[in-house]
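Engineer: So that we are looking at the same thing, I have put the structure below in C-alpha cells.
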Amino acid sequence: MKTLLILGAGTAGTMVANKMAQHLDPVEWKIIVVDQEETHYYQPGFLFIPFGIYRPNDVVKPKRDFLPRNVEFVLSPIDLIEPDENRVRLAKDNRVIDYDYLVIATGTQIHPEETAGLKDNGWHENVFDFYTLEGATALSRFLKFWKGGHMVLNVVEMPIKCPVAPLEFLFLADWFFHQRGMRDEVDITFATPLPGAFTKPRAAAMLGDMLNRKHINLQADFNAMEVDHEKGVLRSYDEREVPFDLLVTIPTNMGAEVIGRSGMGDELNFVPTHKHTLQSEKWENVWVIGDATNLPTSKAGSVAHFMLDVLVENMLRHMEGLEPLPKFDGHANCFIESGFEKGILIDFNYDVEPLPGKYPLPGLGPFSLLKESAANHWGKMTFRWIYWNVLLKGGDMPFESQMSMAGKWN
Amino acid sequence: MTEKTAEAILESVEFNEDGYMVDPNAWTPQIAEAIARQEGIAELTEDHWKIIEFCRQRASESGAAPTLRQITSGTGISTKELFSLFPKGPAKKVAKIAGLGKPEGCV
C-alpha cells in the first residue's frame, strides 16, 4: 500500500485531497491529510467581518466535512518533515508517517512580532489585523463605537496573502464611514512598501485613481520600521511618521514554521517550487501548492484553484514515470470589493498584467475586467456559496486553469 | 570620479524605462560607481560593495534581484543599516547600482 500525504487542509490541501481521491485506486493508495486546526475558515470572508457584513459564524465550518470519507484526517501539529527519508513526524502521539508522495499546502501566516512595537501594546485594542478571525472580530467591535480620527492601513512587507485585500479594506472603510455619516471625521491613509496602489502598472494607475477619488491618502514606498505607541505614530525606515488613532496592519507573511525547521524553505519559509510544474525544486516526490510556494504570483484561493489541475495531472504523470508538464502560468483572478455594492475584477498571470475586458465569456461577461460594476460585487458575494459547495470539493468551475486573452483589450 | 566622467561612462550603457540596466552582463564596477553618484551616493564603501556583490551573486542564481528581506537575511546587515547605506528604497537602489532588474518582491 502506498501513501499520499497532504500537509494542510486549507483551501489548497482540501482541493488536492478531493481530486486525488477521485483518481487514486483505494486498494493501492492511502491518502492522509494532516492539519493542526479543526476549523476551515472561508478566508475571503474575513474582510467583511470588521464592517458587520459577515459575522464570524458565516466563515467557519468543520474541516472534516470537506474531505472525502476514504481519506484519513489527522488533527495534529507537524514536528518535522524529513524529505530525504520520505517521512513526517507529527506532534500527536509522536506518530511518524512514511510517504511515497508528499503535498505541501501549509499556507502562510501573519507575524506581527517581526515589526518592533506592533504587538507590544494596543494589539487588538487600537491596532488590528484582519487576516485572522480573532483580529477581524476584534476590529468589528472597535469600529462599532469608534468616533473617528486617523485610520492608517499598513502593509508591512511583500509578499502578502491576497495583495488586493488591503485596497478592498480601504474602499469598504470609506463606504462604511459614509453609511454611518462620519466619513468627514475619519482621515484614511494607506502606507505601503509598494511604489503605488498596486504592483501591476495598469491596475496600479486605475486603483490609485480610485484612492484619490475616495480621498484616501497614499504613503508609497513606506517600509514600516516600528510602531511608537507613546507618540501614536507608525515610523518608516526613512524616518517618515504617520500618526494613527486606529492602525490596521497586514503584518509580515511567512510560510509555516515547520517548513523552516525542516530546512525546506527560503528566508520567509516559503518552499522553492518549479514555477510551471509545481514540483519541489529539490525533491521529486514533493509537490507544493497554494500560499506555501515561493512563486511570484498572488497568494490567493483562486491561484490555488488554478494550480490544482496542473499539480494533480503532474503527480499522476510522475506516478506513471512520465515527465511533469510545465502548464502552470501564474494565473490569478481577484474580485476587488470597492464599496457601495460595486466591485472590480482583475485577471492576470506571470507575464500578462490585468487588462480591461469581459470575463469569463469574451464580450459578454457577466463580469467586467479592470472596471467597477455591480455584477462584480454580486459575483464576489455569490462566491462564498460556490467556495463551500463546489470549489473545495474539487468540482468543476467554468474557468480555464490557464489565463486567456479572449475578451481582453490592450 | 568627477561628475563628467560618470556621465561619460553611463553614456554607452543601456537602461530601461524604469532606469534599470538592460543587460546585467554589461555591468562593471565603474558603472556601479557612476550610477551610485547619480543616485546620490558619493562613494561606495566596503559595506556597499558587500551588498552589491551579494545581490549580483543572488541574481545570477535565481535570475531576479533580491528583495529587502533576502538581502538582510543573506548578508546579516540590518534593515536600518541598509537604509543608511542606500537611502530611501535600498532594494531598488542596490538593484540599479548592481546592474540588475527591478526586485520581484511584489506581486
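To be explicit about the labels: the chains of the C-alpha cells are called A, B, and onward in the order shown, and within each one the residues are counted from 1, while ligands get numbers from 1 in the order they are shown.
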Near chain B, which residues of chain A fall within 7 Å when you count only C-alpha atoms, and what do they look like as a list in words?

Structural biologist: Met158, Pro159, Thr199, Tyr237, Asp238, Glu267, Pro296, Thr297 and Ser298 of chain A

Engineer: Which residues come within 8 Å of region 92-96 of chain A, counting only C-alpha atoms, excluding same-chain residues fewer than 3 positions away, as a ChimeraX atom specification?

Structural biologist: /A:75-77,87-89

Engineer: Write the residues you've just listed into a file as a short mmCIF file (atom, residue, chain, number, x, y, z; two decimals), in the first residue's frame, and include N, CA and C atoms for each of them.

Structural biologist:
data_model
loop_
_atom_site.label_atom_id
_atom_site.label_comp_id
_atom_site.auth_asym_id
_atom_site.auth_seq_id
_atom_site.Cartn_x
_atom_site.Cartn_y
_atom_site.Cartn_z
N LEU A 75 -5.57 15.21 13.11
CA LEU A 75 -5.54 16.54 13.71
C LEU A 75 -4.30 16.63 14.60
N SER A 76 -3.25 17.29 14.09
CA SER A 76 -2.01 17.36 14.88
C SER A 76 -1.08 18.42 14.30
N PRO A 77 -0.31 19.10 15.16
CA PRO A 77 0.79 19.91 14.64
C PRO A 77 1.84 18.99 14.03
N ARG A 87 9.66 10.92 5.16
CA ARG A 87 8.76 10.76 6.31
C ARG A 87 8.52 12.07 7.04
N VAL A 88 7.41 12.08 7.79
CA VAL A 88 6.99 13.26 8.52
C VAL A 88 6.71 12.86 9.96
N ARG A 89 7.21 13.69 10.89
CA ARG A 89 6.97 13.42 12.31
C ARG A 89 5.89 14.36 12.83
#

Engineer: Assign secondary structure with DSSP using the backbone only, and return the residues of chain B in alpha helix (DSSP H) as a compact mmCIF listing (two decimals) with all heavy atoms, in the first residue's frame.

Structural biologist:
# COMPACT_ATOMS: atom_id res chain seq x y z
N GLU B 3 31.91 64.40 -11.93
CA GLU B 3 30.56 64.31 -12.49
C GLU B 3 30.62 63.95 -13.97
O GLU B 3 29.87 63.14 -14.47
CB GLU B 3 29.86 65.65 -12.28
CG GLU B 3 28.35 65.59 -12.41
CD GLU B 3 27.73 64.84 -11.25
OE1 GLU B 3 28.08 65.10 -10.07
OE2 GLU B 3 26.92 63.95 -11.52
N LYS B 4 31.59 64.60 -14.63
CA LYS B 4 31.68 64.46 -16.07
C LYS B 4 32.03 63.01 -16.49
O LYS B 4 31.40 62.45 -17.37
CB LYS B 4 32.74 65.42 -16.61
CG LYS B 4 32.47 65.81 -18.05
CD LYS B 4 33.22 67.03 -18.45
CE LYS B 4 32.82 67.41 -19.86
NZ LYS B 4 33.72 68.41 -20.41
N THR B 5 33.02 62.44 -15.80
CA THR B 5 33.39 61.08 -16.21
C THR B 5 32.26 60.09 -15.91
O THR B 5 32.06 59.14 -16.65
CB THR B 5 34.69 60.61 -15.53
OG1 THR B 5 34.53 60.76 -14.14
CG2 THR B 5 35.88 61.37 -16.02
N ALA B 6 31.51 60.34 -14.81
CA ALA B 6 30.37 59.47 -14.51
C ALA B 6 29.39 59.49 -15.67
O ALA B 6 28.92 58.46 -16.14
CB ALA B 6 29.69 59.93 -13.22
N GLU B 7 29.12 60.70 -16.15
CA GLU B 7 28.20 60.84 -17.30
C GLU B 7 28.73 60.13 -18.52
O GLU B 7 27.99 59.46 -19.24
CB GLU B 7 27.97 62.31 -17.61
CG GLU B 7 26.70 62.84 -17.01
CD GLU B 7 26.55 64.34 -17.23
OE1 GLU B 7 26.96 64.82 -18.29
OE2 GLU B 7 26.04 64.99 -16.30
N ALA B 8 30.03 60.30 -18.74
CA ALA B 8 30.65 59.69 -19.92
C ALA B 8 30.55 58.17 -19.87
O ALA B 8 30.26 57.51 -20.87
CB ALA B 8 32.11 60.12 -20.02
N ILE B 9 30.75 57.63 -18.66
CA ILE B 9 30.67 56.17 -18.51
C ILE B 9 29.26 55.67 -18.82
O ILE B 9 29.06 54.66 -19.49
CB ILE B 9 31.09 55.77 -17.07
CG1 ILE B 9 32.59 55.96 -16.90
CG2 ILE B 9 30.70 54.32 -16.77
CD1 ILE B 9 33.06 55.83 -15.47
N LEU B 10 28.26 56.40 -18.33
CA LEU B 10 26.88 55.93 -18.46
C LEU B 10 26.31 56.15 -19.86
O LEU B 10 25.28 55.58 -20.21
CB LEU B 10 25.99 56.62 -17.42
CG LEU B 10 26.33 56.27 -15.97
CD1 LEU B 10 25.38 56.95 -15.01
CD2 LEU B 10 26.27 54.75 -15.76
N GLU B 11 27.00 57.00 -20.63
CA GLU B 11 26.50 57.31 -21.97
C GLU B 11 26.31 56.06 -22.83
O GLU B 11 25.34 55.94 -23.56
CB GLU B 11 27.50 58.25 -22.66
CG GLU B 11 26.83 59.30 -23.50
CD GLU B 11 27.78 60.44 -23.78
OE1 GLU B 11 28.75 60.17 -24.50
OE2 GLU B 11 27.57 61.55 -23.24
N PRO B 29 32.26 47.46 -12.28
CA PRO B 29 32.31 48.25 -11.05
C PRO B 29 32.33 49.77 -11.33
O PRO B 29 31.77 50.54 -10.55
CB PRO B 29 33.62 47.80 -10.40
CG PRO B 29 33.83 46.40 -10.91
CD PRO B 29 33.30 46.41 -12.31
N GLN B 30 32.93 50.17 -12.44
CA GLN B 30 32.95 51.60 -12.77
C GLN B 30 31.52 52.10 -13.04
O GLN B 30 31.15 53.19 -12.62
CB GLN B 30 33.81 51.89 -14.01
CG GLN B 30 35.31 51.80 -13.79
CD GLN B 30 35.77 50.36 -13.60
OE1 GLN B 30 35.22 49.43 -14.17
NE2 GLN B 30 36.79 50.18 -12.75
N ILE B 31 30.76 51.29 -13.73
CA ILE B 31 29.36 51.68 -14.00
C ILE B 31 28.62 51.81 -12.66
O ILE B 31 27.87 52.76 -12.44
CB ILE B 31 28.66 50.64 -14.91
CG1 ILE B 31 29.30 50.67 -16.31
CG2 ILE B 31 27.17 50.90 -15.00
CD1 ILE B 31 28.76 49.61 -17.26
N ALA B 32 28.87 50.86 -11.75
CA ALA B 32 28.21 50.91 -10.44
C ALA B 32 28.51 52.24 -9.74
O ALA B 32 27.60 52.90 -9.21
CB ALA B 32 28.67 49.75 -9.57
N GLU B 33 29.78 52.65 -9.78
CA GLU B 33 30.14 53.90 -9.12
C GLU B 33 29.44 55.09 -9.77
O GLU B 33 28.97 56.00 -9.08
CB GLU B 33 31.67 54.09 -9.17
CG GLU B 33 32.36 53.25 -8.12
CD GLU B 33 33.87 53.15 -8.31
OE1 GLU B 33 34.40 53.75 -9.26
OE2 GLU B 33 34.50 52.46 -7.49
N ALA B 34 29.34 55.04 -11.07
CA ALA B 34 28.70 56.14 -11.79
C ALA B 34 27.20 56.20 -11.47
O ALA B 34 26.66 57.28 -11.21
CB ALA B 34 28.92 55.98 -13.29
N ILE B 35 26.55 55.03 -11.45
CA ILE B 35 25.11 55.03 -11.12
C ILE B 35 24.92 55.50 -9.67
O ILE B 35 24.02 56.29 -9.38
CB ILE B 35 24.47 53.63 -11.31
CG1 ILE B 35 24.62 53.16 -12.76
CG2 ILE B 35 23.00 53.65 -10.92
CD1 ILE B 35 24.15 51.73 -13.01
N ALA B 36 25.79 55.02 -8.78
CA ALA B 36 25.68 55.40 -7.37
C ALA B 36 25.72 56.92 -7.22
O ALA B 36 24.93 57.51 -6.46
CB ALA B 36 26.80 54.75 -6.56
N ARG B 37 26.61 57.56 -7.95
CA ARG B 37 26.70 59.04 -7.88
C ARG B 37 25.38 59.68 -8.29
O ARG B 37 24.90 60.60 -7.65
CB ARG B 37 27.82 59.54 -8.80
CG ARG B 37 29.19 59.46 -8.18
CD ARG B 37 30.19 60.17 -9.07
NE ARG B 37 29.98 61.61 -9.07
CZ ARG B 37 30.64 62.44 -8.28
NH1 ARG B 37 31.53 61.98 -7.45
NH2 ARG B 37 30.41 63.74 -8.33
N GLN B 38 24.83 59.16 -9.38
CA GLN B 38 23.53 59.69 -9.83
C GLN B 38 22.45 59.49 -8.79
O GLN B 38 21.51 60.28 -8.69
CB GLN B 38 23.10 58.95 -11.10
CG GLN B 38 23.78 59.45 -12.35
CD GLN B 38 23.04 58.99 -13.59
OE1 GLN B 38 22.32 57.98 -13.55
NE2 GLN B 38 23.22 59.71 -14.67
N GLU B 46 33.22 49.70 1.54
CA GLU B 46 33.32 48.24 1.60
C GLU B 46 31.95 47.60 1.90
O GLU B 46 31.60 46.58 1.32
CB GLU B 46 34.30 47.88 2.71
CG GLU B 46 34.96 46.54 2.53
CD GLU B 46 35.99 46.33 3.63
OE1 GLU B 46 36.87 47.20 3.79
OE2 GLU B 46 35.88 45.32 4.34
N ASP B 47 31.18 48.25 2.81
CA ASP B 47 29.85 47.73 3.14
C ASP B 47 28.92 47.76 1.93
O ASP B 47 28.14 46.83 1.70
CB ASP B 47 29.23 48.54 4.28
CG ASP B 47 29.82 48.13 5.63
OD1 ASP B 47 30.44 47.05 5.69
OD2 ASP B 47 29.69 48.91 6.59
N HIS B 48 29.01 48.87 1.17
CA HIS B 48 28.21 48.94 -0.05
C HIS B 48 28.54 47.78 -0.99
O HIS B 48 27.66 47.10 -1.50
CB HIS B 48 28.48 50.25 -0.82
CG HIS B 48 27.89 51.48 -0.19
ND1 HIS B 48 28.66 52.42 0.44
CD2 HIS B 48 26.62 51.93 -0.12
CE1 HIS B 48 27.88 53.40 0.89
NE2 HIS B 48 26.64 53.12 0.56
N TRP B 49 29.85 47.56 -1.17
CA TRP B 49 30.28 46.53 -2.10
C TRP B 49 29.85 45.14 -1.67
O TRP B 49 29.49 44.30 -2.50
CB TRP B 49 31.80 46.57 -2.32
CG TRP B 49 32.18 47.67 -3.26
CD1 TRP B 49 32.89 48.79 -2.96
CD2 TRP B 49 31.86 47.77 -4.66
NE1 TRP B 49 33.02 49.59 -4.07
CE2 TRP B 49 32.41 48.99 -5.13
CE3 TRP B 49 31.15 46.95 -5.55
CZ2 TRP B 49 32.27 49.40 -6.46
CZ3 TRP B 49 31.02 47.36 -6.87
CH2 TRP B 49 31.58 48.58 -7.31
N LYS B 50 29.87 44.92 -0.35
CA LYS B 50 29.47 43.62 0.16
C LYS B 50 28.02 43.32 -0.28
O LYS B 50 27.70 42.21 -0.71
CB LYS B 50 29.57 43.67 1.70
CG LYS B 50 29.34 42.34 2.37
CD LYS B 50 29.58 42.47 3.87
CE LYS B 50 28.89 41.34 4.61
NZ LYS B 50 28.80 41.60 6.05
N ILE B 51 27.20 44.35 -0.18
CA ILE B 51 25.79 44.16 -0.53
C ILE B 51 25.62 44.04 -2.05
O ILE B 51 24.88 43.19 -2.54
CB ILE B 51 24.95 45.34 0.02
CG1 ILE B 51 25.02 45.31 1.54
CG2 ILE B 51 23.52 45.25 -0.45
CD1 ILE B 51 24.63 46.60 2.20
N ILE B 52 26.33 44.87 -2.79
CA ILE B 52 26.24 44.80 -4.25
C ILE B 52 26.66 43.41 -4.75
O ILE B 52 25.98 42.80 -5.58
CB ILE B 52 27.13 45.89 -4.91
CG1 ILE B 52 26.57 47.28 -4.59
CG2 ILE B 52 27.22 45.69 -6.42
CD1 ILE B 52 27.52 48.42 -4.92
N GLU B 53 27.76 42.92 -4.19
CA GLU B 53 28.24 41.60 -4.62
C GLU B 53 27.25 40.50 -4.26
O GLU B 53 27.01 39.59 -5.04
CB GLU B 53 29.63 41.32 -4.04
CG GLU B 53 30.72 41.93 -4.92
CD GLU B 53 32.00 42.21 -4.15
OE1 GLU B 53 32.23 41.58 -3.10
OE2 GLU B 53 32.77 43.10 -4.61
N PHE B 54 26.68 40.61 -3.06
CA PHE B 54 25.68 39.63 -2.65
C PHE B 54 24.51 39.63 -3.65
O PHE B 54 24.04 38.57 -4.08
CB PHE B 54 25.16 39.92 -1.24
CG PHE B 54 23.95 39.10 -0.88
CD1 PHE B 54 24.08 37.79 -0.45
CD2 PHE B 54 22.67 39.65 -1.00
CE1 PHE B 54 22.95 37.03 -0.15
CE2 PHE B 54 21.54 38.89 -0.71
CZ PHE B 54 21.69 37.58 -0.28
N CYS B 55 24.06 40.82 -4.01
CA CYS B 55 22.90 40.92 -4.91
C CYS B 55 23.21 40.35 -6.29
O CYS B 55 22.38 39.69 -6.90
CB CYS B 55 22.44 42.37 -5.05
SG CYS B 55 21.75 43.01 -3.53
N ARG B 56 24.42 40.60 -6.78
CA ARG B 56 24.78 40.07 -8.10
C ARG B 56 24.88 38.55 -8.05
O ARG B 56 24.41 37.86 -8.95
CB ARG B 56 26.09 40.70 -8.59
CG ARG B 56 25.89 42.14 -9.01
CD ARG B 56 26.94 42.68 -9.96
NE ARG B 56 27.23 41.88 -11.12
CZ ARG B 56 26.69 42.06 -12.34
NH1 ARG B 56 25.77 42.99 -12.52
NH2 ARG B 56 27.06 41.31 -13.34
N GLN B 57 25.46 38.05 -6.99
CA GLN B 57 25.59 36.61 -6.81
C GLN B 57 24.20 35.95 -6.78
O GLN B 57 23.91 35.00 -7.50
CB GLN B 57 26.35 36.34 -5.49
CG GLN B 57 26.46 34.89 -5.09
CD GLN B 57 27.31 34.10 -6.09
OE1 GLN B 57 28.21 34.66 -6.70
NE2 GLN B 57 26.98 32.83 -6.27
N ARG B 58 23.35 36.54 -5.94
CA ARG B 58 22.00 36.01 -5.75
C ARG B 58 21.21 36.04 -7.07
O ARG B 58 20.52 35.09 -7.42
CB ARG B 58 21.33 36.89 -4.68
CG ARG B 58 19.94 36.52 -4.33
CD ARG B 58 19.92 35.40 -3.31
NE ARG B 58 18.57 34.86 -3.25
CZ ARG B 58 17.97 34.45 -2.15
NH1 ARG B 58 18.61 34.45 -1.02
NH2 ARG B 58 16.75 33.99 -2.19
N ALA B 59 21.35 37.16 -7.79
CA ALA B 59 20.61 37.29 -9.05
C ALA B 59 21.12 36.30 -10.10
O ALA B 59 20.35 35.80 -10.91
CB ALA B 59 20.71 38.72 -9.57
N SER B 60 22.42 36.00 -10.05
CA SER B 60 22.94 35.07 -11.05
C SER B 60 22.41 33.66 -10.79
O SER B 60 22.26 32.85 -11.70
CB SER B 60 24.47 35.08 -11.06
OG SER B 60 24.96 34.44 -9.91
N GLU B 61 22.06 33.37 -9.53
CA GLU B 61 21.50 32.06 -9.21
C GLU B 61 20.00 31.99 -9.50
O GLU B 61 19.51 31.02 -10.04
CB GLU B 61 21.71 31.73 -7.73
CG GLU B 61 23.15 31.44 -7.35
CD GLU B 61 23.39 31.66 -5.85
OE1 GLU B 61 22.42 31.79 -5.08
OE2 GLU B 61 24.57 31.71 -5.48
N SER B 62 19.28 33.07 -9.12
CA SER B 62 17.82 32.99 -9.19
C SER B 62 17.24 33.72 -10.39
O SER B 62 16.07 33.55 -10.72
CB SER B 62 17.21 33.60 -7.91
OG SER B 62 17.37 35.00 -7.94
N LEU B 68 14.37 43.16 -0.16
CA LEU B 68 14.95 43.69 1.07
C LEU B 68 15.19 42.58 2.09
O LEU B 68 16.27 42.45 2.68
CB LEU B 68 13.95 44.71 1.64
CG LEU B 68 14.43 45.70 2.66
CD1 LEU B 68 15.58 46.51 2.10
CD2 LEU B 68 13.28 46.63 3.04
N ARG B 69 14.19 41.74 2.27
CA ARG B 69 14.27 40.65 3.24
C ARG B 69 15.37 39.66 2.87
O ARG B 69 16.11 39.17 3.71
CB ARG B 69 12.89 39.99 3.29
CG ARG B 69 12.79 38.66 3.97
CD ARG B 69 12.87 38.72 5.47
NE ARG B 69 11.73 39.36 6.09
CZ ARG B 69 11.41 39.17 7.38
NH1 ARG B 69 12.13 38.37 8.15
NH2 ARG B 69 10.39 39.81 7.90
N GLN B 70 15.50 39.39 1.57
CA GLN B 70 16.54 38.45 1.13
C GLN B 70 17.93 39.04 1.36
O GLN B 70 18.86 38.32 1.71
CB GLN B 70 16.35 38.10 -0.35
CG GLN B 70 15.16 37.17 -0.57
CD GLN B 70 14.71 37.10 -2.02
OE1 GLN B 70 15.03 37.97 -2.83
NE2 GLN B 70 13.96 36.07 -2.35
N ILE B 71 18.06 40.35 1.19
CA ILE B 71 19.36 40.99 1.41
C ILE B 71 19.72 40.96 2.89
O ILE B 71 20.83 40.57 3.27
CB ILE B 71 19.38 42.45 0.90
CG1 ILE B 71 19.12 42.49 -0.61
CG2 ILE B 71 20.72 43.11 1.20
CD1 ILE B 71 18.88 43.88 -1.17
N THR B 72 18.78 41.32 3.76
CA THR B 72 19.10 41.36 5.19
C THR B 72 19.39 39.96 5.73
O THR B 72 20.35 39.77 6.47
CB THR B 72 17.98 42.01 6.03
OG1 THR B 72 16.75 41.36 5.74
CG2 THR B 72 17.86 43.49 5.73
N SER B 73 18.59 38.97 5.32
CA SER B 73 18.87 37.64 5.88
C SER B 73 20.09 37.00 5.23
O SER B 73 20.78 36.21 5.85
CB SER B 73 17.63 36.73 5.82
OG SER B 73 17.22 36.56 4.51
N GLY B 74 20.41 37.39 3.99
CA GLY B 74 21.56 36.81 3.31
C GLY B 74 22.90 37.41 3.72
O GLY B 74 23.93 36.74 3.67
N THR B 75 22.88 38.69 4.12
CA THR B 75 24.15 39.36 4.44
C THR B 75 24.35 39.58 5.94
O THR B 75 25.45 39.89 6.38
CB THR B 75 24.24 40.75 3.79
OG1 THR B 75 23.15 41.54 4.27
CG2 THR B 75 24.19 40.68 2.28
N THR B 79 18.14 45.99 8.46
CA THR B 79 17.38 46.86 7.55
C THR B 79 17.74 48.32 7.78
O THR B 79 17.87 49.09 6.84
CB THR B 79 15.87 46.65 7.78
OG1 THR B 79 15.62 45.25 7.84
CG2 THR B 79 15.07 47.25 6.65
N LYS B 80 17.90 48.68 9.07
CA LYS B 80 18.24 50.06 9.43
C LYS B 80 19.57 50.47 8.76
O LYS B 80 19.66 51.53 8.14
CB LYS B 80 18.36 50.11 10.95
CG LYS B 80 18.57 51.48 11.53
CD LYS B 80 17.25 52.11 11.89
CE LYS B 80 17.47 53.58 12.23
NZ LYS B 80 16.42 54.45 11.85
N GLU B 81 20.58 49.61 8.87
CA GLU B 81 21.88 49.90 8.24
C GLU B 81 21.75 50.00 6.72
O GLU B 81 22.38 50.86 6.10
CB GLU B 81 22.86 48.76 8.54
CG GLU B 81 23.75 48.95 9.74
CD GLU B 81 24.58 47.69 9.95
OE1 GLU B 81 24.06 46.76 10.61
OE2 GLU B 81 25.70 47.64 9.43
N LEU B 82 20.95 49.10 6.20
CA LEU B 82 20.77 49.08 4.75
C LEU B 82 20.17 50.41 4.27
O LEU B 82 20.58 50.95 3.24
CB LEU B 82 19.82 47.92 4.41
CG LEU B 82 19.95 47.27 3.06
CD1 LEU B 82 21.37 46.84 2.78
CD2 LEU B 82 19.02 46.07 2.98
N PHE B 83 19.24 50.94 5.05
CA PHE B 83 18.64 52.23 4.70
C PHE B 83 19.64 53.37 4.84
O PHE B 83 19.53 54.37 4.14
CB PHE B 83 17.39 52.50 5.55
CG PHE B 83 16.12 52.04 4.90
CD1 PHE B 83 15.71 50.72 5.03
CD2 PHE B 83 15.35 52.90 4.14
CE1 PHE B 83 14.54 50.27 4.42
CE2 PHE B 83 14.18 52.48 3.53
CZ PHE B 83 13.77 51.16 3.68
N SER B 84 20.60 53.24 5.76
CA SER B 84 21.56 54.32 5.85
C SER B 84 22.62 54.22 4.74
O SER B 84 23.12 55.23 4.26
CB SER B 84 22.19 54.41 7.25
OG SER B 84 23.06 53.34 7.45
N LEU B 85 22.90 53.00 4.28
CA LEU B 85 23.84 52.84 3.18
C LEU B 85 23.22 53.25 1.84
O LEU B 85 23.84 53.91 1.01
CB LEU B 85 24.33 51.39 3.09
CG LEU B 85 25.27 50.91 4.19
CD1 LEU B 85 25.39 49.39 4.16
CD2 LEU B 85 26.64 51.55 4.03
N PRO B 90 16.27 50.84 -0.42
CA PRO B 90 17.54 50.13 -0.64
C PRO B 90 17.46 49.00 -1.67
O PRO B 90 18.36 48.87 -2.49
CB PRO B 90 17.91 49.59 0.73
CG PRO B 90 16.87 50.01 1.66
CD PRO B 90 15.81 50.76 0.95
N ALA B 91 16.38 48.21 -1.64
CA ALA B 91 16.34 47.06 -2.55
C ALA B 91 16.40 47.54 -4.00
O ALA B 91 17.14 47.00 -4.83
CB ALA B 91 15.09 46.23 -2.30
N LYS B 92 15.63 48.57 -4.30
CA LYS B 92 15.60 49.09 -5.67
C LYS B 92 16.91 49.79 -6.00
O LYS B 92 17.45 49.65 -7.10
CB LYS B 92 14.45 50.09 -5.83
CG LYS B 92 13.14 49.40 -6.10
CD LYS B 92 12.06 50.41 -6.40
CE LYS B 92 10.95 50.30 -5.39
NZ LYS B 92 10.04 51.41 -5.38
N LYS B 93 17.42 50.54 -5.04
CA LYS B 93 18.66 51.28 -5.28
C LYS B 93 19.84 50.34 -5.53
O LYS B 93 20.62 50.54 -6.46
CB LYS B 93 18.94 52.21 -4.09
CG LYS B 93 19.68 53.45 -4.50
CD LYS B 93 19.51 54.58 -3.51
CE LYS B 93 18.49 55.59 -4.01
NZ LYS B 93 18.48 56.82 -3.22
N VAL B 94 19.97 49.31 -4.70
CA VAL B 94 21.07 48.37 -4.92
C VAL B 94 20.90 47.68 -6.27
O VAL B 94 21.87 47.49 -7.00
CB VAL B 94 21.13 47.26 -3.85
CG1 VAL B 94 22.39 46.43 -4.00
CG2 VAL B 94 21.05 47.83 -2.47
N ALA B 95 19.67 47.30 -6.58
CA ALA B 95 19.44 46.60 -7.86
C ALA B 95 19.91 47.47 -9.02
O ALA B 95 20.58 47.00 -9.94
CB ALA B 95 17.96 46.25 -8.01
N LYS B 96 19.60 48.76 -8.95
CA LYS B 96 20.03 49.69 -10.00
C LYS B 96 21.55 49.75 -10.09
O LYS B 96 22.13 49.61 -11.16
CB LYS B 96 19.51 51.10 -9.69
CG LYS B 96 18.26 51.43 -10.43
CD LYS B 96 17.85 52.87 -10.23
CE LYS B 96 16.38 52.98 -10.62
NZ LYS B 96 15.77 54.23 -10.24
N ILE B 97 22.17 49.94 -8.92
CA ILE B 97 23.63 50.09 -8.90
C ILE B 97 24.33 48.80 -9.31
O ILE B 97 25.37 48.81 -9.94
CB ILE B 97 24.09 50.57 -7.50
CG1 ILE B 97 23.53 51.96 -7.23
CG2 ILE B 97 25.61 50.57 -7.38
CD1 ILE B 97 23.71 52.45 -5.80

Engineer: Excluding Gly321 (chain A) and any residue of its chain fewer than 4 positions from it, enumerate the residues within 12 Å of it, using only C-alpha atoms, and give them as a ChimeraX atom specification.

Structural biologist: /A:284-285,314-317

Engineer: Within 6 Å of region 369-372 of chain A, counting only C-alpha atoms, which residues show up once you throw out same-chain ones fewer than 2 positions away? Write them as a list of chain:residue names, please.

Structural biologist: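 In the requested format, the answer is A:Gly343, A:Ile344, A:Leu345, A:Ile346, A:Pro356, A:Gly357, A:Lys358.
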
Engineer: When you count only C-alpha atoms, which of these residues is closest to Ser12 (chain B): B:Ile41, B:Ala26, B:Ala98, B:Ala65?

Structural biologist: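 Residue with the minimum atom-to-atom distance to Ser12 (chain B): B:Ala26.
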
Engineer: Between CA of Lys342 (chain A) and CA of His377 (chain A), what is the distance in Å, rounded to a tenth?

Structural biologist: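 Distance reported for this atom pair: 4.8 Å.
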
Engineer: Calculate how many Å separate CA of Lys63 (chain A) from CA of Ala9 (chain A), rounding to one decimal.

Structural biologist: 7.0 Å

Engineer: For region 378-395 of chain A, work out the shell of residues within 8 Å, counting only C-alpha atoms and skipping chain neighbours fewer than 6 positions away, then give it as a PyMOL selection string.

Structural biologist: chain A and resi 11+14-16+18-19+42+45+66-67+305+335+337+341-343+367

Engineer: Take CA of Met307 (chain A) and CA of Cys334 (chain A) and report the distance between them in Å, one decimal.

Structural biologist: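 Straight-line distance from CA of Met307 (chain A) to CA of Cys334 (chain A) works out to 14.9 Å.
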